[in-house]
$ cat query_33.tsv   # TSV, C-alpha atoms
chain	number	residue	atom	x	y	z
C	1	ASN	CA	21.79	16.60	3.31
C	2	GLU	CA	22.90	13.49	1.42
C	3	ARG	CA	21.85	10.28	3.16
C	4	GLU	CA	23.29	6.78	2.80
C	5	ILE	CA	22.27	3.41	4.29
C	6	TYR	CA	24.31	1.60	6.93
C	7	GLY	CA	23.61	-1.43	9.09
C	8	ALA	CA	24.86	-3.40	12.08
C	9	ARG	CA	24.22	-6.94	13.29
C	10	ILE	CA	22.56	-7.08	16.71
C	11	GLY	CA	22.26	-10.32	18.68
C	12	SER	CA	20.84	-11.32	22.04
C	13	GLN	CA	22.91	-12.52	24.95
C	14	ASP	CA	21.74	-13.01	28.54
C	15	MET	CA	18.46	-11.19	27.81
C	16	SER	CA	20.38	-8.18	26.48
C	17	LEU	CA	20.92	-6.85	22.97
C	18	VAL	CA	24.52	-6.99	21.78
C	19	VAL	CA	25.97	-5.20	18.74
C	20	ASN	CA	28.09	-7.86	17.07
C	21	GLU	CA	30.27	-5.56	14.99
C	22	THR	CA	30.80	-2.01	13.91
C	23	GLU	CA	28.41	-0.49	11.39
C	24	PHE	CA	28.90	-1.36	7.72
C	25	PRO	CA	27.77	0.41	4.53
C	26	ILE	CA	24.85	-1.12	2.59
C	27	ALA	CA	24.22	1.57	-0.02
C	28	THR	CA	26.53	4.52	-0.57
C	29	LEU	CA	26.28	7.38	-3.01
C	30	ASP	CA	29.34	6.53	-5.10
C	31	SER	CA	28.48	2.82	-5.52
C	32	ALA	CA	24.74	3.09	-6.19
C	33	PHE	CA	24.51	6.13	-8.46
C	34	THR	CA	26.39	9.21	-9.55
C	35	LYS	CA	24.01	12.15	-9.20
C	36	SER	CA	21.28	12.22	-6.60
C	37	TYR	CA	19.99	13.56	-3.33
C	38	SER	CA	19.51	10.73	-0.81
C	39	ILE	CA	19.18	6.98	-0.63
C	40	ARG	CA	16.00	6.17	1.29
C	41	LYS	CA	13.07	3.87	2.13
C	42	ILE	CA	14.94	0.65	2.96
C	43	SER	CA	13.18	-2.69	3.51
C	44	MET	CA	14.67	-6.12	4.18
C	45	ALA	CA	14.02	-9.79	4.89
C	46	SER	CA	16.41	-12.22	6.60
C	47	ILE	CA	16.98	-15.94	7.03
C	48	GLY	CA	19.90	-17.94	8.41
C	49	GLY	CA	22.60	-15.28	8.28
C	50	LYS	CA	21.64	-13.97	4.83
C	51	SER	CA	19.43	-10.94	4.17
C	52	LEU	CA	18.19	-8.99	1.19
C	53	ALA	CA	17.83	-5.24	1.54
C	54	ALA	CA	15.97	-3.07	-0.99
C	55	TRP	CA	15.91	0.71	-1.17
C	56	GLU	CA	15.02	3.73	-3.32
C	57	VAL	CA	17.71	5.47	-5.34
C	58	PRO	CA	16.66	8.93	-6.61
C	59	ARG	CA	17.83	9.73	-10.13
C	60	ILE	CA	17.72	12.91	-12.20
C	61	GLU	CA	16.27	12.57	-15.69
C	62	GLU	CA	17.46	15.37	-17.96
C	63	ASN	CA	15.37	16.50	-20.92
C	64	GLY	CA	17.04	19.52	-22.42
C	65	ALA	CA	16.85	22.30	-19.87
C	66	ASP	CA	14.25	20.42	-17.82
C	67	GLU	CA	15.10	18.01	-15.01
C	68	LYS	CA	12.85	15.51	-13.29
C	69	VAL	CA	13.77	13.61	-10.14
C	70	VAL	CA	12.60	10.00	-10.26
C	71	ALA	CA	13.62	6.91	-8.27
C	72	ASP	CA	14.64	3.32	-9.00
C	73	ILE	CA	14.66	0.30	-6.69
C	74	TYR	CA	18.00	-1.33	-5.90
C	75	ALA	CA	18.68	-4.42	-3.78
C	76	GLY	CA	21.71	-6.12	-2.26
C	77	LEU	CA	22.40	-9.45	-0.51
C	78	ILE	CA	23.90	-9.12	2.96
C	79	GLU	CA	25.75	-12.18	4.26
C	80	ALA	CA	26.99	-12.37	7.83
C	81	GLY	CA	30.20	-14.25	8.53
C	82	THR	CA	32.27	-14.67	11.67
C	83	GLY	CA	32.96	-11.14	12.80
C	84	SER	CA	32.25	-9.60	9.41
C	85	THR	CA	29.46	-8.82	6.96
C	86	THR	CA	29.61	-8.91	3.16
C	87	VAL	CA	27.29	-6.80	1.01
C	88	SER	CA	26.91	-7.68	-2.68
C	89	THR	CA	27.09	-5.15	-5.47
C	90	PRO	CA	23.64	-3.46	-5.61
C	91	LEU	CA	21.22	-4.83	-8.22
C	92	LEU	CA	18.90	-2.57	-10.18
C	93	VAL	CA	15.61	-4.45	-9.69
C	94	GLY	CA	12.95	-1.79	-10.30
C	95	THR	CA	13.13	0.51	-13.30
C	96	SER	CA	11.29	1.09	-16.56
C	97	ILE	CA	12.45	1.85	-20.07
C	98	GLU	CA	9.02	3.10	-21.16
C	99	LYS	CA	9.42	6.55	-19.66
C	100	PRO	CA	11.24	8.35	-16.81
C	101	ASN	CA	9.14	7.07	-13.96
C	102	ASP	CA	9.18	6.49	-10.24
C	103	GLU	CA	9.62	3.20	-8.42
C	104	LEU	CA	8.94	3.81	-4.73
C	105	ASN	CA	8.24	2.14	-1.36
C	106	PRO	CA	9.99	-1.26	-1.64
C	107	ALA	CA	8.96	-4.21	0.55
C	108	VAL	CA	10.63	-7.64	0.80
C	109	ALA	CA	9.65	-11.19	1.83
C	110	PHE	CA	11.44	-14.57	1.68
C	111	ASP	CA	10.05	-18.03	0.87
C	112	GLY	CA	13.06	-20.12	1.92
C	113	LYS	CA	14.62	-20.05	-1.55
C	114	ASN	CA	13.79	-16.73	-3.22
C	115	TYR	CA	13.02	-13.19	-2.14
C	116	LEU	CA	10.13	-11.17	-3.58
C	117	VAL	CA	10.73	-7.43	-3.82
C	118	VAL	CA	7.62	-5.34	-4.51
C	119	TRP	CA	7.14	-1.60	-5.06
C	120	ASN	CA	4.71	0.97	-6.48
C	121	ASP	CA	5.60	1.99	-10.03
C	122	SER	CA	4.47	4.91	-12.20
C	123	ARG	CA	5.10	3.33	-15.62
C	124	THR	CA	1.32	3.36	-16.17
C	125	ASN	CA	-0.04	5.55	-18.94
C	126	GLU	CA	-2.22	7.38	-16.42
C	127	GLU	CA	-0.89	10.71	-15.21
C	128	ASN	CA	0.33	10.68	-11.58
C	129	ALA	CA	-0.82	7.08	-11.04
C	130	TYR	CA	1.02	4.05	-9.63
C	131	ASP	CA	0.73	0.27	-10.04
C	132	ILE	CA	2.26	-2.59	-8.05
C	133	TYR	CA	5.20	-4.50	-9.55
C	134	GLY	CA	7.69	-7.01	-8.19
C	135	VAL	CA	10.58	-9.37	-8.96
C	136	ARG	CA	11.85	-12.56	-7.38
C	137	ILE	CA	15.55	-12.71	-6.49
C	138	ARG	CA	17.31	-16.04	-5.86
C	139	ALA	CA	18.96	-16.07	-2.45
C	140	SER	CA	21.84	-18.37	-3.41
C	141	ASP	CA	23.37	-16.04	-6.02
C	142	GLY	CA	21.26	-12.87	-6.23
C	143	GLU	CA	19.95	-13.57	-9.73
C	144	ILE	CA	16.77	-11.72	-10.73
C	145	LEU	CA	14.25	-14.34	-11.86
C	146	ASP	CA	11.63	-12.11	-13.48
C	147	SER	CA	12.27	-9.91	-16.51
C	148	PRO	CA	10.18	-7.94	-17.15
C	149	ALA	CA	8.93	-7.38	-13.60
C	150	ILE	CA	5.73	-9.08	-12.44
C	151	ALA	CA	2.72	-6.77	-12.88
C	152	ILE	CA	0.96	-7.58	-9.60
C	153	ASN	CA	-1.82	-5.01	-9.94
C	154	THR	CA	-2.37	-2.54	-12.78
C	155	GLU	CA	-5.99	-1.52	-12.23
C	156	GLU	CA	-7.08	2.08	-12.78
C	157	GLY	CA	-5.99	4.75	-10.35
C	158	SER	CA	-3.09	4.51	-7.91
C	159	GLN	CA	-1.98	1.52	-5.90
C	160	ILE	CA	0.71	2.55	-3.40
C	161	HIS	CA	2.61	1.57	-0.21
C	162	PRO	CA	2.81	-2.21	-0.78
C	163	ALA	CA	3.61	-4.80	1.88
C	164	VAL	CA	4.40	-8.50	1.41
C	165	ALA	CA	4.70	-11.73	3.41
C	166	TYR	CA	5.05	-15.46	2.63
C	167	ALA	CA	3.20	-18.63	3.70
C	168	GLN	CA	2.69	-22.10	2.17
C	169	GLY	CA	3.87	-21.41	-1.36
C	170	ILE	CA	2.21	-18.02	-1.60
C	171	PHE	CA	3.43	-14.43	-1.37
C	172	LEU	CA	0.57	-12.18	-0.27
C	173	VAL	CA	0.99	-8.58	-1.43
C	174	THR	CA	-1.18	-5.82	0.02
C	175	TRP	CA	-1.38	-2.11	-0.79
C	176	HIS	CA	-3.43	1.04	-0.44
C	177	ASP	CA	-5.84	1.54	-3.36
C	178	ASN	CA	-6.23	5.28	-3.76
C	179	ARG	CA	-9.49	5.09	-5.77
C	180	GLU	CA	-11.67	4.19	-2.78
C	181	GLY	CA	-9.18	4.43	0.05
C	182	LEU	CA	-9.17	0.69	0.74
C	183	VAL	CA	-6.47	-1.89	1.47
C	184	ARG	CA	-6.46	-4.57	-1.22
C	185	ALA	CA	-4.37	-7.69	-1.82
C	186	ALA	CA	-3.26	-10.26	-4.39
C	187	ARG	CA	-1.52	-13.62	-4.08
C	188	VAL	CA	1.62	-14.44	-6.08
C	189	ASN	CA	2.64	-18.07	-6.67
C	190	ALA	CA	6.14	-18.23	-5.18
C	191	GLU	CA	7.42	-20.98	-7.50
C	192	GLU	CA	6.10	-19.60	-10.78
C	193	GLY	CA	5.84	-15.86	-10.10
C	194	THR	CA	2.25	-15.76	-11.38
C	195	VAL	CA	-0.45	-13.49	-9.97
C	196	LEU	CA	-3.44	-15.48	-8.68
C	197	ASP	CA	-5.94	-12.67	-8.02
C	198	THR	CA	-7.14	-10.43	-10.85
C	199	PRO	CA	-8.95	-8.25	-9.91
C	200	ALA	CA	-7.48	-7.76	-6.45
C	201	LEU	CA	-9.02	-9.02	-3.23
C	202	ASP	CA	-10.85	-6.63	-0.90
C	203	LEU	CA	-9.72	-7.18	2.69
C	204	ILE	CA	-12.52	-4.99	4.07
C	205	VAL	CA	-15.80	-4.11	2.33
C	206	ASN	CA	-18.65	-1.73	3.15
C	207	ASP	CA	-16.46	0.60	5.16
C	208	ASP	CA	-16.37	4.35	4.51
C	209	ARG	CA	-13.21	5.03	6.49
C	210	PHE	CA	-9.89	5.68	4.71
C	211	GLN	CA	-7.45	2.72	4.95
C	212	ARG	CA	-3.72	3.02	4.28
C	213	TYR	CA	-0.14	2.00	5.17
C	214	PRO	CA	-0.59	-1.80	5.42
C	215	VAL	CA	2.06	-3.94	7.09
C	216	MET	CA	2.16	-7.73	7.15
C	217	ALA	CA	3.47	-10.80	8.96
C	218	SER	CA	3.00	-14.56	8.66
C	219	ASN	CA	3.25	-17.52	11.05
C	220	GLY	CA	3.94	-19.90	8.16
C	221	SER	CA	0.29	-20.87	7.74
C	222	ASN	CA	-1.72	-17.64	7.86
C	223	PHE	CA	-1.18	-13.95	7.26
C	224	ALA	CA	-1.81	-10.98	9.52
C	225	VAL	CA	-2.46	-7.62	7.85
C	226	VAL	CA	-2.51	-4.40	9.87
C	227	TRP	CA	-3.35	-0.94	8.55
C	228	GLN	CA	-4.26	2.58	9.61
C	229	GLU	CA	-7.97	3.38	9.33
C	230	GLY	CA	-9.15	6.83	10.29
C	231	GLY	CA	-7.23	7.55	13.49
C	232	ASN	CA	-7.07	3.87	14.55
C	233	ILE	CA	-5.11	0.71	13.76
C	234	HIS	CA	-7.05	-2.28	12.37
C	235	ALA	CA	-6.13	-5.85	11.44
C	236	ASN	CA	-7.34	-8.88	9.52
$ encode --input "query_33.tsv" --output "structure tokens"
Amino acid sequence: NEREIYGARIGSQDMSLVVNETEFPIATLDSAFTKSYSIRKISMASIGGKSLAAWEVPRIEENGADEKVVADIYAGLIEAGTGSTTVSTPLLVGTSIEKPNDELNPAVAFDGKNYLVVWNDSRTNEENAYDIYGVRIRASDGEILDSPAIAINTEEGSQIHPAVAYAQGIFLVTWHDNREGLVRAARVNAEEGTVLDTPALDLIVNDDRFQRYPVMASNGSNFAVVWQEGGNIHAN
């Protein structure tokens, strides 16, 4: 039941989709970690033949006879050449030295120079709670620009399932806030990596329905945020 991550470049030609090459490995068990179950939850952003993929890597923390399965976030640059694709050595971008904790649900956006990888992270002192963290990664060489990771939202309770998009110098990060079941957001300055909204922004107020699983897009000037609410799909 072990699962790895592979990819293939697909182009368009004469109104048809064309696979440009055979599949290639992005994250394999022997290169990413030594003892695990499955690589999972991939997200990516692309521009001009170069992409950044981010994914979860489960890891077993051993404490005497006890074992706990946690996950870290890894990322790799994918560069497409003529007839071939090169994948960089995976970078460990989401982990914590405070305690054996989970980093889950990565999402990626690109500002033309750097990528922002965000995830929900359980390094909080609250039991079974998650916060939103992120790092910027330079596209030219894959260097991680933020150490420690940017604490995008660390309010009480759990913030999970982040999404991110870029427009006009700003990364907008959204997530599901488990305290009240709402989708909330915060802006991150793309150049400086600073969080501009503390506390977070409410995208919808005075609504009793449960909101979750946000996804995002941008046209370069504005953002579109879509989420599940009750049994329907809503947007802002």
$ residues_around --input "query_33.tsv" --residues "Ala107 in chain C" --least-positions-apart "2" --cutoff "7 Å" --atoms "all atoms listed in the file" --output "ChimeraX atom specification"
/C:43,105,117-119,162-164
$ closest_residue --input "query_33.tsv" --among "C:Ile60, C:Ile73, C:Ala129, C:Val18" --to "Ile42 in chain C" --atoms "only C-alpha atoms"
C:Ile73
$ atom_distance --input "query_33.tsv" --atom1 "CA of Gln228 in chain C" --atom2 "CA of Arg209 in chain C"
9.8 Å
$ residues_around --input "query_33.tsv" --residues "Asp72 in chain C" --least-positions-apart "2" --cutoff "10 Å" --atoms "only C-alpha atoms" --output "list in words"
Trp55, Glu56, Val57, Pro58, Arg59, Val70, Tyr74, Leu92, Val93, Gly94, Thr95, Ser96, Pro100, Asn101, Asp102, Glu103, Leu104, Pro106, Trp119 and Asp121 of chain C
$ residues_near_point --input "query_33.tsv" --point "(22.3, 0.9, 3.4)" --cutoff "8 Å" --atoms "only C-alpha atoms" --output "number ranges by chain"
C: 4-7, 25-28, 39, 42, 53, 55
$ write_last_selection --input "query_33.tsv" --atoms "C-alpha atoms" --output "compact mmCIF listing (two decimals), keeping the file's coordinate frame"
# COMPACT_ATOMS: atom_id res chain seq x y z
CA GLU C 4 23.29 6.78 2.80
CA ILE C 5 22.27 3.41 4.29
CA TYR C 6 24.31 1.60 6.93
CA GLY C 7 23.61 -1.43 9.09
CA PRO C 25 27.77 0.41 4.53
CA ILE C 26 24.85 -1.12 2.59
CA ALA C 27 24.22 1.57 -0.02
CA THR C 28 26.53 4.52 -0.57
CA ILE C 39 19.18 6.98 -0.63
CA ILE C 42 14.94 0.65 2.96
CA ALA C 53 17.83 -5.24 1.54
CA TRP C 55 15.91 0.71 -1.17
$ atom_distance --input "query_33.tsv" --atom1 "CA of Val19 in chain C" --atom2 "CA of Tyr115 in chain C"
25.8 Å
$ residues_around --input "query_33.tsv" --residues "Ile144 in chain C" --least-positions-apart "6" --cutoff "12 Å" --atoms "only C-alpha atoms" --output "MDAnalysis selection string"
chainID C and resid 74:77 90:94 114:117 134:138 150 193
$ residues_around --input "query_33.tsv" --residues "Asp197 in chain C" --least-positions-apart "5" --cutoff "10 Å" --atoms "only C-alpha atoms" --output "MDAnalysis selection string"
chainID C and resid 152:153 185:188
$ atom_distance --input "query_33.tsv" --atom1 "CA of Gln168 in chain C" --atom2 "CA of Asn219 in chain C"
10.0 Å
$ residues_near_point --input "query_33.tsv" --point "(1.1, -18.0, -1.8)" --cutoff "7 Å" --atoms "all atoms listed in the file" --output "ChimeraX atom specification"
/C:166-172,187-190
$ residues_around --input "query_33.tsv" --residues "Trp175 in chain C" --least-positions-apart "4" --cutoff "6 Å" --atoms "only C-alpha atoms" --output "ChimeraX atom specification"
/C:160-162,183-184
$ closest_residue --input "query_33.tsv" --among "C:Ala109, C:Val226, C:Ala217, C:Leu201" --to "Ala139 in chain C" --atoms "all atoms listed in the file"
C:Ala109
$ closest_residue --input "query_33.tsv" --among "C:Ser46, C:Glu155, C:Thr86, C:Gly112" --to "Glu126 in chain C" --atoms "all atoms listed in the file"
C:Glu155
